[in-house]
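Below is work_19.pdb, holding PDB, C-alpha atoms and all ligand atoms.
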ATOM      1  CA  MET A   1      24.057 -11.564  10.396
ATOM      2  CA  SER A   2      24.700 -10.408   6.807
ATOM      3  CA  GLU A   3      23.820  -6.929   5.578
ATOM      4  CA  ALA A   4      20.074  -6.492   5.381
ATOM      5  CA  LEU A   5      18.360  -6.928   2.036
ATOM      6  CA  LEU A   6      15.687  -4.428   3.095
ATOM      7  CA  SER A   7      16.032  -1.915   5.866
ATOM      8  CA  VAL A   8      13.074   0.206   6.976
ATOM      9  CA  GLU A   9      13.888   3.057   9.344
ATOM     10  CA  ASP A  10      11.368   5.066  11.348
ATOM     11  CA  LEU A  11       8.789   4.908   8.568
ATOM     12  CA  VAL A  12       5.783   7.221   8.896
ATOM     13  CA  LYS A  13       2.713   7.559   6.694
ATOM     14  CA  HIS A  14      -0.069   9.951   7.649
ATOM     15  CA  PHE A  15      -3.028  10.391   5.302
ATOM     16  CA  PRO A  16      -4.803  13.753   5.191
ATOM     17  CA  LEU A  17      -8.511  13.796   5.921
ATOM     18  CA  GLY A  18     -10.643  16.469   4.295
ATOM     19  CA  GLY A  19      -9.055  19.710   3.083
ATOM     20  CA  GLY A  20      -8.151  20.477  -0.514
ATOM     21  CA  ILE A  21      -5.777  22.515  -2.638
ATOM     22  CA  PHE A  22      -6.325  25.711  -0.632
ATOM     23  CA  ARG A  23      -7.535  24.232   2.647
ATOM     24  CA  ARG A  24      -5.616  22.439   5.315
ATOM     25  CA  PRO A  25      -6.689  18.842   6.109
ATOM     26  CA  ARG A  26      -9.216  18.503   8.919
ATOM     27  CA  ALA A  27      -7.191  15.718  10.490
ATOM     28  CA  TRP A  28      -4.543  13.109   9.766
ATOM     29  CA  VAL A  29      -4.892   9.317   9.794
ATOM     30  CA  ARG A  30      -1.716   7.962  11.354
ATOM     31  CA  ALA A  31      -1.569   4.738   9.335
ATOM     32  CA  VAL A  32       2.122   4.033   9.978
ATOM     33  CA  ASP A  33       3.737   5.825  12.878
ATOM     34  CA  GLY A  34       7.449   5.154  13.202
ATOM     35  CA  VAL A  35       8.152   1.594  12.080
ATOM     36  CA  SER A  36      11.634   0.070  11.753
ATOM     37  CA  PHE A  37      12.686  -3.443  10.777
ATOM     38  CA  GLN A  38      15.098  -5.322   8.537
ATOM     39  CA  ILE A  39      14.711  -8.302   6.221
ATOM     40  CA  HIS A  40      17.720 -10.457   5.434
ATOM     41  CA  GLN A  41      18.510 -12.482   2.332
ATOM     42  CA  GLY A  42      16.404 -15.649   2.198
ATOM     43  CA  GLU A  43      14.308 -14.611   5.195
ATOM     44  CA  THR A  44      10.531 -14.565   5.516
ATOM     45  CA  PHE A  45       9.510 -11.649   7.679
ATOM     46  CA  GLY A  46       5.900 -11.547   8.829
ATOM     47  CA  LEU A  47       3.865  -8.439   9.578
ATOM     48  CA  VAL A  48       0.722  -9.347  11.458
ATOM     49  CA  GLY A  49      -2.135  -7.402  13.030
ATOM     50  CA  GLU A  50      -5.799  -6.551  12.760
ATOM     51  CA  SER A  51      -7.280  -4.772   9.782
ATOM     52  CA  GLY A  52      -6.261  -1.095   9.784
ATOM     53  CA  CYS A  53      -3.053  -1.578  11.774
ATOM     54  CA  GLY A  54      -0.912  -0.236   8.919
ATOM     55  CA  LYS A  55       0.656  -3.453   7.646
ATOM     56  CA  THR A  56      -0.630  -3.179   4.073
ATOM     57  CA  THR A  57       0.437   0.479   3.930
ATOM     58  CA  ILE A  58       3.972  -0.603   4.808
ATOM     59  CA  GLY A  59       3.919  -3.083   1.909
ATOM     60  CA  ARG A  60       2.806  -0.305  -0.459
ATOM     61  CA  LEU A  61       5.526   2.017   0.820
ATOM     62  CA  VAL A  62       8.236  -0.616   0.321
ATOM     63  CA  LEU A  63       7.004  -1.082  -3.257
ATOM     64  CA  ARG A  64       7.052   2.710  -3.754
ATOM     65  CA  LEU A  65       3.372   2.593  -4.710
ATOM     66  CA  MET A  66       2.974   5.538  -2.342
ATOM     67  CA  GLU A  67       5.364   7.988  -0.740
ATOM     68  CA  PRO A  68       5.966   8.061   3.032
ATOM     69  CA  THR A  69       5.477  11.132   5.191
ATOM     70  CA  SER A  70       8.967  10.522   6.561
ATOM     71  CA  GLY A  71      11.461   7.755   7.211
ATOM     72  CA  ARG A  72      13.925   5.822   5.101
ATOM     73  CA  ILE A  73      13.894   2.572   3.126
ATOM     74  CA  PHE A  74      17.084   0.920   1.911
ATOM     75  CA  PHE A  75      17.257  -1.997  -0.497
ATOM     76  CA  ARG A  76      20.688  -3.631  -0.638
ATOM     77  CA  GLY A  77      22.033  -0.475   0.987
ATOM     78  CA  GLN A  78      20.564   1.787  -1.700
ATOM     79  CA  ASP A  79      18.214   4.578  -0.636
ATOM     80  CA  LEU A  80      14.958   3.455  -2.253
ATOM     81  CA  LEU A  81      13.191   6.765  -1.674
ATOM     82  CA  ALA A  82      15.889   8.733  -3.503
ATOM     83  CA  LEU A  83      15.387   6.782  -6.726
ATOM     84  CA  ARG A  84      13.606   8.467  -9.622
ATOM     85  CA  GLY A  85      12.842   7.704 -13.280
ATOM     86  CA  GLU A  86      14.909   4.965 -14.884
ATOM     87  CA  GLU A  87      16.727   4.086 -11.640
ATOM     88  CA  LEU A  88      13.423   3.494  -9.868
ATOM     89  CA  ARG A  89      12.092   1.492 -12.800
ATOM     90  CA  ARG A  90      15.126  -0.798 -12.714
ATOM     91  CA  MET A  91      14.829  -1.240  -8.954
ATOM     92  CA  ARG A  92      11.164  -2.254  -9.237
ATOM     93  CA  ARG A  93      12.228  -5.447 -10.945
ATOM     94  CA  HIS A  94      13.811  -6.638  -7.702
ATOM     95  CA  ILE A  95      10.723  -6.139  -5.540
ATOM     96  CA  GLN A  96       7.465  -7.691  -6.695
ATOM     97  CA  ILE A  97       4.062  -8.226  -5.103
ATOM     98  CA  ILE A  98       1.530 -11.007  -4.715
ATOM     99  CA  PHE A  99      -1.871  -9.458  -4.082
ATOM    100  CA  GLN A 100      -4.543 -10.594  -1.677
ATOM    101  CA  ASP A 101      -7.426 -10.955  -4.070
ATOM    102  CA  PRO A 102      -6.763 -13.379  -6.928
ATOM    103  CA  TYR A 103     -10.055 -12.285  -8.522
ATOM    104  CA  ALA A 104      -9.343  -8.566  -8.692
ATOM    105  CA  SER A 105      -5.598  -8.685  -9.302
ATOM    106  CA  LEU A 106      -5.734 -10.334 -12.742
ATOM    107  CA  ASP A 107      -7.075  -8.365 -15.703
ATOM    108  CA  PRO A 108     -10.082 -10.404 -16.929
ATOM    109  CA  ARG A 109      -9.504  -9.234 -20.537
ATOM    110  CA  MET A 110      -5.982 -10.600 -20.721
ATOM    111  CA  LYS A 111      -4.947 -14.147 -21.474
ATOM    112  CA  VAL A 112      -2.650 -15.759 -18.927
ATOM    113  CA  GLU A 113       0.295 -15.495 -21.312
ATOM    114  CA  ARG A 114      -0.076 -11.707 -21.455
ATOM    115  CA  ILE A 115      -0.505 -11.471 -17.680
ATOM    116  CA  ILE A 116       2.710 -13.350 -16.941
ATOM    117  CA  THR A 117       4.808 -11.869 -19.727
ATOM    118  CA  GLU A 118       3.815  -8.257 -19.048
ATOM    119  CA  PRO A 119       6.558  -7.748 -16.400
ATOM    120  CA  LEU A 120       9.043  -9.374 -18.794
ATOM    121  CA  ARG A 121       8.158  -6.805 -21.459
ATOM    122  CA  ALA A 122       8.828  -4.030 -18.963
ATOM    123  CA  PHE A 123      11.982  -5.362 -17.335
ATOM    124  CA  SER A 124      13.745  -7.733 -19.749
ATOM    125  CA  HIS A 125      15.097  -7.800 -23.290
ATOM    126  CA  LEU A 126      13.575 -11.195 -24.050
ATOM    127  CA  GLY A 127      11.870 -11.630 -27.418
ATOM    128  CA  SER A 128       8.272 -12.851 -27.591
ATOM    129  CA  ARG A 129       9.223 -16.502 -28.098
ATOM    130  CA  ASP A 130      11.502 -16.514 -25.031
ATOM    131  CA  ARG A 131       8.924 -14.643 -22.976
ATOM    132  CA  ARG A 132       6.333 -17.295 -23.823
ATOM    133  CA  LYS A 133       8.797 -20.051 -22.982
ATOM    134  CA  ARG A 134       9.549 -18.453 -19.592
ATOM    135  CA  ALA A 135       5.816 -18.056 -18.911
ATOM    136  CA  ALA A 136       5.144 -21.711 -19.747
ATOM    137  CA  GLU A 137       7.969 -22.840 -17.444
ATOM    138  CA  LEU A 138       6.644 -20.685 -14.624
ATOM    139  CA  LEU A 139       3.119 -21.988 -15.071
ATOM    140  CA  GLU A 140       4.379 -25.538 -14.750
ATOM    141  CA  ARG A 141       6.419 -24.576 -11.733
ATOM    142  CA  VAL A 142       3.361 -23.222  -9.921
ATOM    143  CA  GLY A 143       1.348 -26.350 -10.713
ATOM    144  CA  LEU A 144      -0.530 -25.339 -13.892
ATOM    145  CA  GLN A 145      -0.174 -26.452 -17.501
ATOM    146  CA  PRO A 146       1.637 -24.660 -20.352
ATOM    147  CA  GLY A 147      -1.644 -24.941 -22.276
ATOM    148  CA  ASP A 148      -3.209 -22.621 -19.689
ATOM    149  CA  LEU A 149      -1.359 -19.715 -21.310
ATOM    150  CA  GLU A 150      -4.219 -19.467 -23.785
ATOM    151  CA  LYS A 151      -6.936 -19.180 -21.147
ATOM    152  CA  TYR A 152      -8.526 -16.215 -19.393
ATOM    153  CA  PRO A 153      -8.620 -15.696 -15.587
ATOM    154  CA  HIS A 154     -12.323 -16.561 -15.309
ATOM    155  CA  GLU A 155     -11.538 -20.114 -16.437
ATOM    156  CA  PHE A 156      -9.623 -20.799 -13.202
ATOM    157  CA  SER A 157     -10.489 -21.388  -9.543
ATOM    158  CA  GLY A 158      -9.359 -18.923  -6.850
ATOM    159  CA  GLY A 159      -6.363 -21.067  -5.903
ATOM    160  CA  GLN A 160      -5.315 -21.417  -9.549
ATOM    161  CA  ARG A 161      -5.605 -17.668 -10.062
ATOM    162  CA  GLN A 162      -3.369 -17.061  -7.086
ATOM    163  CA  ARG A 163      -0.853 -19.443  -8.669
ATOM    164  CA  ILE A 164      -0.982 -17.290 -11.818
ATOM    165  CA  GLY A 165      -0.384 -14.204  -9.648
ATOM    166  CA  ILE A 166       2.630 -15.928  -8.100
ATOM    167  CA  ALA A 167       3.991 -16.848 -11.542
ATOM    168  CA  ARG A 168       3.597 -13.222 -12.621
ATOM    169  CA  ALA A 169       5.458 -11.988  -9.529
ATOM    170  CA  LEU A 170       8.329 -14.392 -10.159
ATOM    171  CA  ALA A 171       8.631 -13.784 -13.909
ATOM    172  CA  VAL A 172      11.368 -11.167 -13.528
ATOM    173  CA  ARG A 173      13.247 -13.123 -10.849
ATOM    174  CA  PRO A 174      12.794 -10.664  -7.981
ATOM    175  CA  GLU A 175      14.827 -10.829  -4.785
ATOM    176  CA  LEU A 176      12.067  -9.656  -2.470
ATOM    177  CA  VAL A 177       8.372 -10.476  -2.751
ATOM    178  CA  VAL A 178       5.761  -8.548  -0.779
ATOM    179  CA  ALA A 179       2.981 -11.080  -0.201
ATOM    180  CA  ASP A 180      -0.060  -9.119   0.984
ATOM    181  CA  GLU A 181      -2.543 -11.540   2.582
ATOM    182  CA  PRO A 182      -1.880 -13.974  -0.287
ATOM    183  CA  VAL A 183      -4.043 -16.794   1.079
ATOM    184  CA  SER A 184      -6.755 -15.030   3.054
ATOM    185  CA  ALA A 185      -9.219 -15.016   0.133
ATOM    186  CA  LEU A 186      -8.780 -18.760  -0.458
ATOM    187  CA  ASP A 187     -10.568 -21.799   0.984
ATOM    188  CA  VAL A 188      -8.767 -23.280   3.979
ATOM    189  CA  SER A 189      -8.043 -26.478   2.012
ATOM    190  CA  ILE A 190      -6.300 -24.448  -0.715
ATOM    191  CA  GLN A 191      -4.414 -22.171   1.673
ATOM    192  CA  ALA A 192      -1.995 -24.909   2.749
ATOM    193  CA  GLN A 193      -1.182 -25.769  -0.881
ATOM    194  CA  VAL A 194      -0.360 -22.165  -1.745
ATOM    195  CA  ILE A 195       1.717 -21.713   1.420
ATOM    196  CA  ASN A 196       3.705 -24.863   0.622
ATOM    197  CA  LEU A 197       4.209 -23.589  -2.922
ATOM    198  CA  LEU A 198       5.539 -20.264  -1.606
ATOM    199  CA  GLN A 199       7.974 -22.154   0.628
ATOM    200  CA  ASP A 200       9.213 -24.346  -2.226
ATOM    201  CA  LEU A 201       9.659 -21.345  -4.509
ATOM    202  CA  GLN A 202      11.570 -19.482  -1.836
ATOM    203  CA  GLU A 203      14.162 -22.215  -1.722
ATOM    204  CA  GLU A 204      14.329 -22.651  -5.472
ATOM    205  CA  PHE A 205      14.538 -18.951  -6.369
ATOM    206  CA  GLY A 206      16.404 -17.722  -3.260
ATOM    207  CA  LEU A 207      13.554 -15.361  -2.416
ATOM    208  CA  SER A 208      12.946 -13.211   0.624
ATOM    209  CA  TYR A 209       9.356 -12.477   1.623
ATOM    210  CA  LEU A 210       7.650  -9.643   3.407
ATOM    211  CA  PHE A 211       4.571 -11.627   4.373
ATOM    212  CA  ILE A 212       1.586  -9.549   5.472
ATOM    213  CA  SER A 213      -1.315 -11.253   7.218
ATOM    214  CA  HIS A 214      -3.972 -10.879   9.900
ATOM    215  CA  ASP A 215      -3.652 -14.603  10.645
ATOM    216  CA  LEU A 216      -0.972 -15.450  13.176
ATOM    217  CA  SER A 217      -1.184 -19.192  12.466
ATOM    218  CA  VAL A 218      -0.300 -18.643   8.783
ATOM    219  CA  VAL A 219       2.523 -16.279   9.691
ATOM    220  CA  ASP A 220       3.808 -18.686  12.323
ATOM    221  CA  HIS A 221       3.943 -21.508   9.783
ATOM    222  CA  LEU A 222       5.829 -19.562   7.137
ATOM    223  CA  CYS A 223       7.914 -16.834   8.765
ATOM    224  CA  ASP A 224      11.349 -16.756  10.387
ATOM    225  CA  ARG A 225      10.663 -13.574  12.332
ATOM    226  CA  ILE A 226       7.372 -11.897  13.103
ATOM    227  CA  ALA A 227       6.457  -8.299  13.878
ATOM    228  CA  VAL A 228       3.079  -7.666  15.506
ATOM    229  CA  MET A 229       1.546  -4.302  14.647
ATOM    230  CA  TYR A 230      -1.016  -2.278  16.529
ATOM    231  CA  LEU A 231      -2.321   1.080  15.361
ATOM    232  CA  GLY A 232       0.595   1.935  13.081
ATOM    233  CA  ARG A 233       3.386   0.686  15.339
ATOM    234  CA  ILE A 234       5.271  -2.537  15.986
ATOM    235  CA  VAL A 235       4.508  -3.714  19.523
ATOM    236  CA  GLU A 236       6.469  -6.970  19.445
ATOM    237  CA  LEU A 237       9.118  -8.350  17.100
ATOM    238  CA  ALA A 238      10.929 -11.655  17.524
ATOM    239  CA  PRO A 239      11.998 -14.925  15.911
ATOM    240  CA  LYS A 240       8.881 -17.074  15.657
ATOM    241  CA  GLU A 241      10.059 -19.484  18.374
ATOM    242  CA  PHE A 242       9.532 -16.740  20.950
ATOM    243  CA  PHE A 243       5.889 -16.466  19.935
ATOM    244  CA  ARG A 244       5.465 -20.194  20.441
ATOM    245  CA  GLU A 245       7.274 -20.228  23.775
ATOM    246  CA  GLY A 246       5.359 -17.275  25.137
ATOM    247  CA  PRO A 247       4.918 -13.812  23.692
ATOM    248  CA  LYS A 248       5.537 -10.888  26.014
ATOM    249  CA  HIS A 249       3.076  -8.279  24.783
ATOM    250  CA  PRO A 250      -0.527  -8.589  26.034
ATOM    251  CA  TYR A 251      -1.832  -7.845  22.515
ATOM    252  CA  THR A 252       0.222 -10.667  20.982
ATOM    253  CA  ARG A 253      -1.028 -13.033  23.672
ATOM    254  CA  THR A 254      -4.631 -12.217  22.804
ATOM    255  CA  LEU A 255      -3.908 -12.703  19.106
ATOM    256  CA  LEU A 256      -2.377 -16.110  19.822
ATOM    257  CA  GLU A 257      -5.396 -17.162  21.858
ATOM    258  CA  SER A 258      -7.503 -16.409  18.800
ATOM    259  CA  VAL A 259      -5.513 -18.733  16.502
ATOM    260  CA  PRO A 260      -7.816 -21.561  15.332
ATOM    261  CA  LEU A 261      -6.943 -25.048  16.536
ATOM    262  CA  PRO A 262      -5.827 -27.518  13.850
ATOM    263  CA  ASP A 263      -8.440 -30.081  14.963
ATOM    264  CA  PRO A 264     -11.717 -29.245  13.136
ATOM    265  CA  HIS A 265     -13.760 -30.720  16.023
ATOM    266  CA  ARG A 266     -12.122 -28.359  18.509
ATOM    267  CA  ARG A 267     -12.290 -25.205  16.406
ATOM    268  CA  ARG A 268     -12.546 -21.992  18.369
ATOM    269  CA  PRO A 269     -13.723 -18.838  16.678
ATOM    270  CA  LEU A 270     -11.187 -16.333  15.432
ATOM    271  CA  ARG A 271     -11.287 -13.686  18.120
ATOM    272  CA  PHE A 272      -9.548 -10.389  18.462
ATOM    273  CA  PRO A 273      -9.129  -8.492  21.729
ATOM    274  CA  GLU A 274     -12.234  -7.089  23.381
ATOM    275  CA  GLY A 275     -13.355  -3.698  22.161
ATOM    276  CA  GLU A 276     -12.930  -1.750  18.965
ATOM    277  CA  VAL A 277      -9.612  -0.849  17.385
ATOM    278  CA  PRO A 278      -9.208   2.817  18.398
ATOM    279  CA  ASN A 279      -9.528   5.553  15.824
ATOM    280  CA  PRO A 280      -6.109   6.131  14.167
ATOM    281  CA  ILE A 281      -7.020   9.818  13.762
ATOM    282  CA  GLN A 282      -6.987  10.194  17.526
ATOM    283  CA  PRO A 283      -4.992   7.300  18.951
ATOM    284  CA  PRO A 284      -5.258   6.809  22.716
ATOM    285  CA  SER A 285      -2.697   8.548  24.873
ATOM    286  CA  GLY A 286       0.211   6.592  26.330
ATOM    287  CA  CYS A 287       0.202   2.966  25.199
ATOM    288  CA  ALA A 288      -2.324   2.834  22.338
ATOM    289  CA  PHE A 289      -3.445  -0.626  23.477
ATOM    290  CA  HIS A 290      -4.390   0.476  27.002
ATOM    291  CA  PRO A 291      -8.200   0.762  26.426
ATOM    292  CA  ARG A 292      -8.263  -2.951  25.494
ATOM    293  CA  CYS A 293      -5.414  -4.282  27.605
ATOM    294  CA  PRO A 294      -6.355  -6.600  30.482
ATOM    295  CA  GLN A 295      -3.099  -5.719  32.251
ATOM    296  CA  ALA A 296      -3.180  -1.957  31.837
ATOM    297  CA  VAL A 297      -2.274   0.136  34.856
ATOM    298  CA  GLU A 298      -2.562   3.868  35.324
ATOM    299  CA  PRO A 299       0.859   4.904  33.903
ATOM    300  CA  CYS A 300       0.053   3.053  30.639
ATOM    301  CA  ARG A 301      -2.526   5.759  29.920
ATOM    302  CA  ARG A 302       0.032   8.536  30.142
ATOM    303  CA  HIS A 303       3.350   7.181  28.889
ATOM    304  CA  ARG A 304       3.971   5.432  25.598
ATOM    305  CA  PRO A 305       6.430   2.514  25.853
ATOM    306  CA  SER A 306       9.198   2.334  23.235
ATOM    307  CA  LEU A 307      10.053  -0.848  21.380
ATOM    308  CA  VAL A 308      13.048  -2.127  23.365
ATOM    309  CA  HIS A 309      15.357  -5.099  22.940
ATOM    310  CA  ILE A 310      14.892  -7.613  25.759
ATOM    311  CA  GLY A 311      17.455 -10.112  24.387
ATOM    312  CA  SER A 312      18.101 -12.575  21.540
ATOM    313  CA  GLY A 313      16.447 -10.435  18.873
ATOM    314  CA  HIS A 314      13.223 -10.063  20.871
ATOM    315  CA  TYR A 315      11.737  -6.541  21.009
ATOM    316  CA  VAL A 316       8.668  -5.499  23.010
ATOM    317  CA  ALA A 317       6.822  -2.215  23.523
ATOM    318  CA  CYS A 318       5.148  -2.734  26.897
ATOM    319  CA  TRP A 319       5.928  -1.299  30.322
ATOM    320  CA  LEU A 320       5.578  -4.741  31.898
ATOM    321  CA  ASN A 321       8.781  -5.763  30.118
ATOM    322  CA  GLN A 322      10.859  -2.690  30.729
ATOM    323  CA  GLU A 323      13.066  -1.848  33.658
ATOM    324  CA  ASP A 324      11.777   1.639  34.080
ATOM    325  CA  ASP A 325      10.422   3.550  36.984
ATOM    326  CA  VAL A 326       7.232   4.528  35.127
ATOM    327  CA  LEU A 327       5.153   1.780  36.783
TER     328      LEU A 327
HETATM  329 FE1  LIG A 401      -0.929  -3.181  28.437
HETATM  330 FE2  LIG A 401       0.388  -1.213  29.676
HETATM  331 FE3  LIG A 401       1.728  -3.063  28.340
HETATM  332 FE4  LIG A 401       0.290  -1.251  27.032
HETATM  333  S1  LIG A 401       2.095  -0.855  28.296
HETATM  334  S2  LIG A 401       0.360  -3.422  26.619
HETATM  335  S3  LIG A 401      -1.458  -1.022  28.403
HETATM  336  S4  LIG A 401       0.483  -3.379  30.169
END
For this file, write the structure as structure tokens.
Amino acid sequence: MSEALLSVEDLVKHFPLGGGIFRRPRAWVRAVDGVSFQIHQGETFGLVGESGCGKTTIGRLVLRLMEPTSGRIFFRGQDLLALRGEELRRMRRHIQIIFQDPYASLDPRMKVERIITEPLRAFSHLGSRDRRKRAAELLERVGLQPGDLEKYPHEFSGGQRQRIGIARALAVRPELVVADEPVSALDVSIQAQVINLLQDLQEEFGLSYLFISHDLSVVDHLCDRIAVMYLGRIVELAPKEFFREGPKHPYTRTLLESVPLPDPHRRRPLRFPEGEVPNPIQPPSGCAFHPRCPQAVEPCRRHRPSLVHIGSGHYVACWLNQEDDVL
């Protein structure tokens, strides 16, 4: 495969709890705890897991909206975390974000033209007439009208606002788009339209996506490869076909069982594994999933399984899939 567009290596983000300037934190929240993956040109890479598993934090770290505790991030082979000032500003143009909430992510005081052309002001030398022309073209491309440039966000539905957010993200022609739960705030009927739009735009603009979602059915539809996260770590990573044929990790299996059926008369409720997600301040010993795992055995409580390659780009962190004498 070609050189990775984005390469994340052993990324860690721990947030301090309590403490202050002169006092040490009371504890640390281990939001991301040693995550590695790569995204290739034109690929859609999905990060999926329950709320609080660390997936959104990873998106923020890739965008340099926060600094990691440790680890490395490379974009086109360039060390993203070493960039400062003007170099960082120029790099930001290549990585844009689509936010989850189309209501909160658009400034209600700005007209759509200002919202879409703002990144162009920051990252391009286009004059105002060309910026407006680009914004009108983008609006049409995402299914709105050039006349909508004169309107304010409150004049649009949720789906239309998300289209405006997509147009804004694409204004500077990024290479990688971090899409953070981009359809979860939308009605089910609108979700499919926005997902199809994202797919069309990917082809047209040659985009790569880091697609973050709690919904495995959405990720399965859109992504080439999927990483399942649990409590700050990747527990399974594979091309999506492997998830359809039979995932290996007990947590992934439970997530798949919770995917809603396409037939509205046979809907089953969205269900996550039994029990609460453990506290990331004090994650369970051994395999962090063991308190909820139906297949847990005694050694799982004491030894943490590493994410190992079991063939054909399929990685799993579970003792049941490792030739080891721990069990
Ligand atoms: Fe379950 Fe043990 Fe596998 Fe963890 S290592 S997922 S507890 S079987």
Quiz item: Residues at most 7 Å from stretch 205-217 of chain A, counting all atoms listed in the file, excluding those fewer than 4 positions away in the same chain, as number ranges by chain?
Solution: A: 41-51, 55-56, 175-181, 201, 221, 256, 259
Would you tabulate, counting only C-alpha atoms and all ligand atoms, all residues of chain A that have an atom at most 12 Å from an atom of ligand LIG 401 (chain A), showing the closest pair of atoms and their distance in Å to one decimal, sorted by chain then ascending number, as JSON lines?
{"residue": "A:Tyr230", "atom": "CA", "partner": "A:LIG401", "partner_atom": "S2", "distance": 10.2}
{"residue": "A:Ile234", "atom": "CA", "partner": "A:LIG401", "partner_atom": "S2", "distance": 11.7}
{"residue": "A:Val235", "atom": "CA", "partner": "A:LIG401", "partner_atom": "S2", "distance": 8.2}
{"residue": "A:Glu236", "atom": "CA", "partner": "A:LIG401", "partner_atom": "S2", "distance": 10.1}
{"residue": "A:Pro247", "atom": "CA", "partner": "A:LIG401", "partner_atom": "S2", "distance": 11.7}
{"residue": "A:Lys248", "atom": "CA", "partner": "A:LIG401", "partner_atom": "FE3", "distance": 9.0}
{"residue": "A:His249", "atom": "CA", "partner": "A:LIG401", "partner_atom": "S2", "distance": 5.9}
{"residue": "A:Pro250", "atom": "CA", "partner": "A:LIG401", "partner_atom": "S2", "distance": 5.3}
{"residue": "A:Tyr251", "atom": "CA", "partner": "A:LIG401", "partner_atom": "S2", "distance": 6.4}
{"residue": "A:Thr252", "atom": "CA", "partner": "A:LIG401", "partner_atom": "S2", "distance": 9.2}
{"residue": "A:Arg253", "atom": "CA", "partner": "A:LIG401", "partner_atom": "S2", "distance": 10.1}
{"residue": "A:Thr254", "atom": "CA", "partner": "A:LIG401", "partner_atom": "S2", "distance": 10.8}
{"residue": "A:Pro273", "atom": "CA", "partner": "A:LIG401", "partner_atom": "S2", "distance": 11.8}
{"residue": "A:Pro284", "atom": "CA", "partner": "A:LIG401", "partner_atom": "S3", "distance": 10.4}
{"residue": "A:Ser285", "atom": "CA", "partner": "A:LIG401", "partner_atom": "S3", "distance": 10.3}
{"residue": "A:Gly286", "atom": "CA", "partner": "A:LIG401", "partner_atom": "FE4", "distance": 7.9}
{"residue": "A:Cys287", "atom": "CA", "partner": "A:LIG401", "partner_atom": "FE4", "distance": 4.6}
{"residue": "A:Ala288", "atom": "CA", "partner": "A:LIG401", "partner_atom": "FE4", "distance": 6.7}
{"residue": "A:Phe289", "atom": "CA", "partner": "A:LIG401", "partner_atom": "FE4", "distance": 5.2}
{"residue": "A:His290", "atom": "CA", "partner": "A:LIG401", "partner_atom": "S3", "distance": 3.6}
{"residue": "A:Pro291", "atom": "CA", "partner": "A:LIG401", "partner_atom": "S3", "distance": 7.2}
{"residue": "A:Arg292", "atom": "CA", "partner": "A:LIG401", "partner_atom": "S3", "distance": 7.6}
{"residue": "A:Cys293", "atom": "CA", "partner": "A:LIG401", "partner_atom": "FE1", "distance": 4.7}
{"residue": "A:Pro294", "atom": "CA", "partner": "A:LIG401", "partner_atom": "FE1", "distance": 6.7}
{"residue": "A:Gln295", "atom": "CA", "partner": "A:LIG401", "partner_atom": "S4", "distance": 4.8}
{"residue": "A:Ala296", "atom": "CA", "partner": "A:LIG401", "partner_atom": "S3", "distance": 4.0}
{"residue": "A:Val297", "atom": "CA", "partner": "A:LIG401", "partner_atom": "FE2", "distance": 6.0}
{"residue": "A:Glu298", "atom": "CA", "partner": "A:LIG401", "partner_atom": "FE2", "distance": 8.1}
{"residue": "A:Pro299", "atom": "CA", "partner": "A:LIG401", "partner_atom": "FE2", "distance": 7.5}
{"residue": "A:Cys300", "atom": "CA", "partner": "A:LIG401", "partner_atom": "FE2", "distance": 4.4}
{"residue": "A:Arg301", "atom": "CA", "partner": "A:LIG401", "partner_atom": "S3", "distance": 7.0}
{"residue": "A:Arg302", "atom": "CA", "partner": "A:LIG401", "partner_atom": "FE2", "distance": 9.8}
{"residue": "A:His303", "atom": "CA", "partner": "A:LIG401", "partner_atom": "S1", "distance": 8.2}
{"residue": "A:Arg304", "atom": "CA", "partner": "A:LIG401", "partner_atom": "S1", "distance": 7.1}
{"residue": "A:Pro305", "atom": "CA", "partner": "A:LIG401", "partner_atom": "S1", "distance": 6.0}
{"residue": "A:Ser306", "atom": "CA", "partner": "A:LIG401", "partner_atom": "S1", "distance": 9.3}
{"residue": "A:Leu307", "atom": "CA", "partner": "A:LIG401", "partner_atom": "S1", "distance": 10.5}
{"residue": "A:Val316", "atom": "CA", "partner": "A:LIG401", "partner_atom": "FE3", "distance": 9.1}
{"residue": "A:Ala317", "atom": "CA", "partner": "A:LIG401", "partner_atom": "S1", "distance": 6.9}
{"residue": "A:Cys318", "atom": "CA", "partner": "A:LIG401", "partner_atom": "FE3", "distance": 3.7}
{"residue": "A:Trp319", "atom": "CA", "partner": "A:LIG401", "partner_atom": "S1", "distance": 4.4}
{"residue": "A:Leu320", "atom": "CA", "partner": "A:LIG401", "partner_atom": "FE3", "distance": 5.5}
{"residue": "A:Asn321", "atom": "CA", "partner": "A:LIG401", "partner_atom": "FE3", "distance": 7.8}
{"residue": "A:Gln322", "atom": "CA", "partner": "A:LIG401", "partner_atom": "S1", "distance": 9.3}
{"residue": "A:Asp324", "atom": "CA", "partner": "A:LIG401", "partner_atom": "S1", "distance": 11.6}
{"residue": "A:Val326", "atom": "CA", "partner": "A:LIG401", "partner_atom": "S1", "distance": 10.1}
{"residue": "A:Leu327", "atom": "CA", "partner": "A:LIG401", "partner_atom": "FE2", "distance": 9.1}
Quiz item: Given the file above and the PyMOL selection byres (((chain A and resi 152) around 6) and not hetatm), which residues are selected, and can you give them as number ranges by chain?
Solution: A: 111-112, 151, 153-155
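Here the question is which of A:Arg93, A:Arg168, A:Lys13, A:Arg72 gets nearest to A:Gly54 using all atoms listed in the file, and that residue is A:Lys13.
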Quiz item: Which is closest to A:Asp200 among A:Arg141, A:Arg244, A:Arg24, A:Lys133, if we use all atoms listed in the file?
Solution: A:Arg141
Exercise. Write out as an NGL selection string the residues lying within 12 Å of A:Ser312, counting all atoms listed in the file and excluding same-chain residues fewer than 5 positions away.
Key: :A and (225 or 237-242)
